[in-house]
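J.: Questions regarding the structure given below will be posed in turn.
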Amino acid sequence: MAGTVVADQLEAASTSTLVLKNGVANTPPTIQDSAGTQIGTFCRAWVNFNGTGTVAIRSSFNVSSITDNGTGDYTVNFTTAMPDANYSAVGNCTTNSSFSVQFVSMFNSTVSNANVAPTTSAFRVSTRETTGSGRDEEYVIVSVFR
Amino acid sequence: MEKRIVFENENGGVSIIVPAAECGLTIEEIAAKDVPVGKPYKIVDVADIPTDREFRNAWTADFTNAEVKA
């Protein structure tokens, strides 16, 4: 049933988790200002994983798996696909002091050393030294917005 | 036993799928969804994957009798 609730605060009952449920499939609720202008959106997927030793996911949301493709080269696979491939993926990683400063590069492969176009179901992410070489890192964190 | 999915990637190397425990899918469902079409793959124990990644890009695997993603 369509309708509007006007309130200053939404609060779940104790021991309950507050749920915002949209009426449109695969579309998150939007955040609007007083004029009804959309001013924000929700994170649609994220993952925190260890890229060293036994590569493993610590925690995640809307991620079915990551694919370890080689040194510092991963694919993030979504559980529920994005509506299109025009999403924003942001990430960061720790830096091993034995090497130069490291960074995360989106839609890019260290193995093929080329960009890889994102799809609705997955995207490539790499961790590199500033020299350009792929480098595994202990903490790799990636979030997706659309 | 924790599992991994191993398949041959487009560069001739080996890719390893690491499942997300929180996704609610089985390892077989993840294989059906995340292994690229046409690629042979095997589901293995995590203990079978080397932890020394110094020569990670040179890893190989035997895909004899492997499943092939349709």
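Every chain in the structure tokens takes a letter, A first, then B, and so on in the order presented; its residues are numbered from 1, and the ligands are numbered from 1 following the presented order.
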Would you give me, as a ChimeraX atom specification, the residues of chain B that come within 10 Å of chain A, using only C-alpha atoms?

T.: /B:4-11,13-27,29-31,33-35,46-47,49-59

J.: Considering only strand (DSSP E or B) as DSSP defines it on the backbone, what residues of range 13-62 of chain B qualify? List them as a VMD selection string.

T.: chain B and resid 14 to 19 40 to 45

J.: Using only C-alpha atoms, find the one residue out of A:Asn48, A:Gln32, A:Thr130, A:Ser143 that sits nearest to Ala89 in chain A.

T.: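 Of the candidates, the smallest distance to Ala89 in chain A is held by A:Ser143.
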
J.: Here is a test: counting only C-alpha atoms, which residue of A:Asp84, A:Val104, A:Asn92, A:Asn50 is nearest to Glu138 in chain A?

T.: A:Asn50

J.: Restricting the calculation to only C-alpha atoms: of A:Val101, A:Ala85, A:Ala114, A:Cys93, which residue gets closest to Glu137 in chain A?

T.: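 Looking at the shortest contact to Glu137 in chain A, the residue is A:Cys93.
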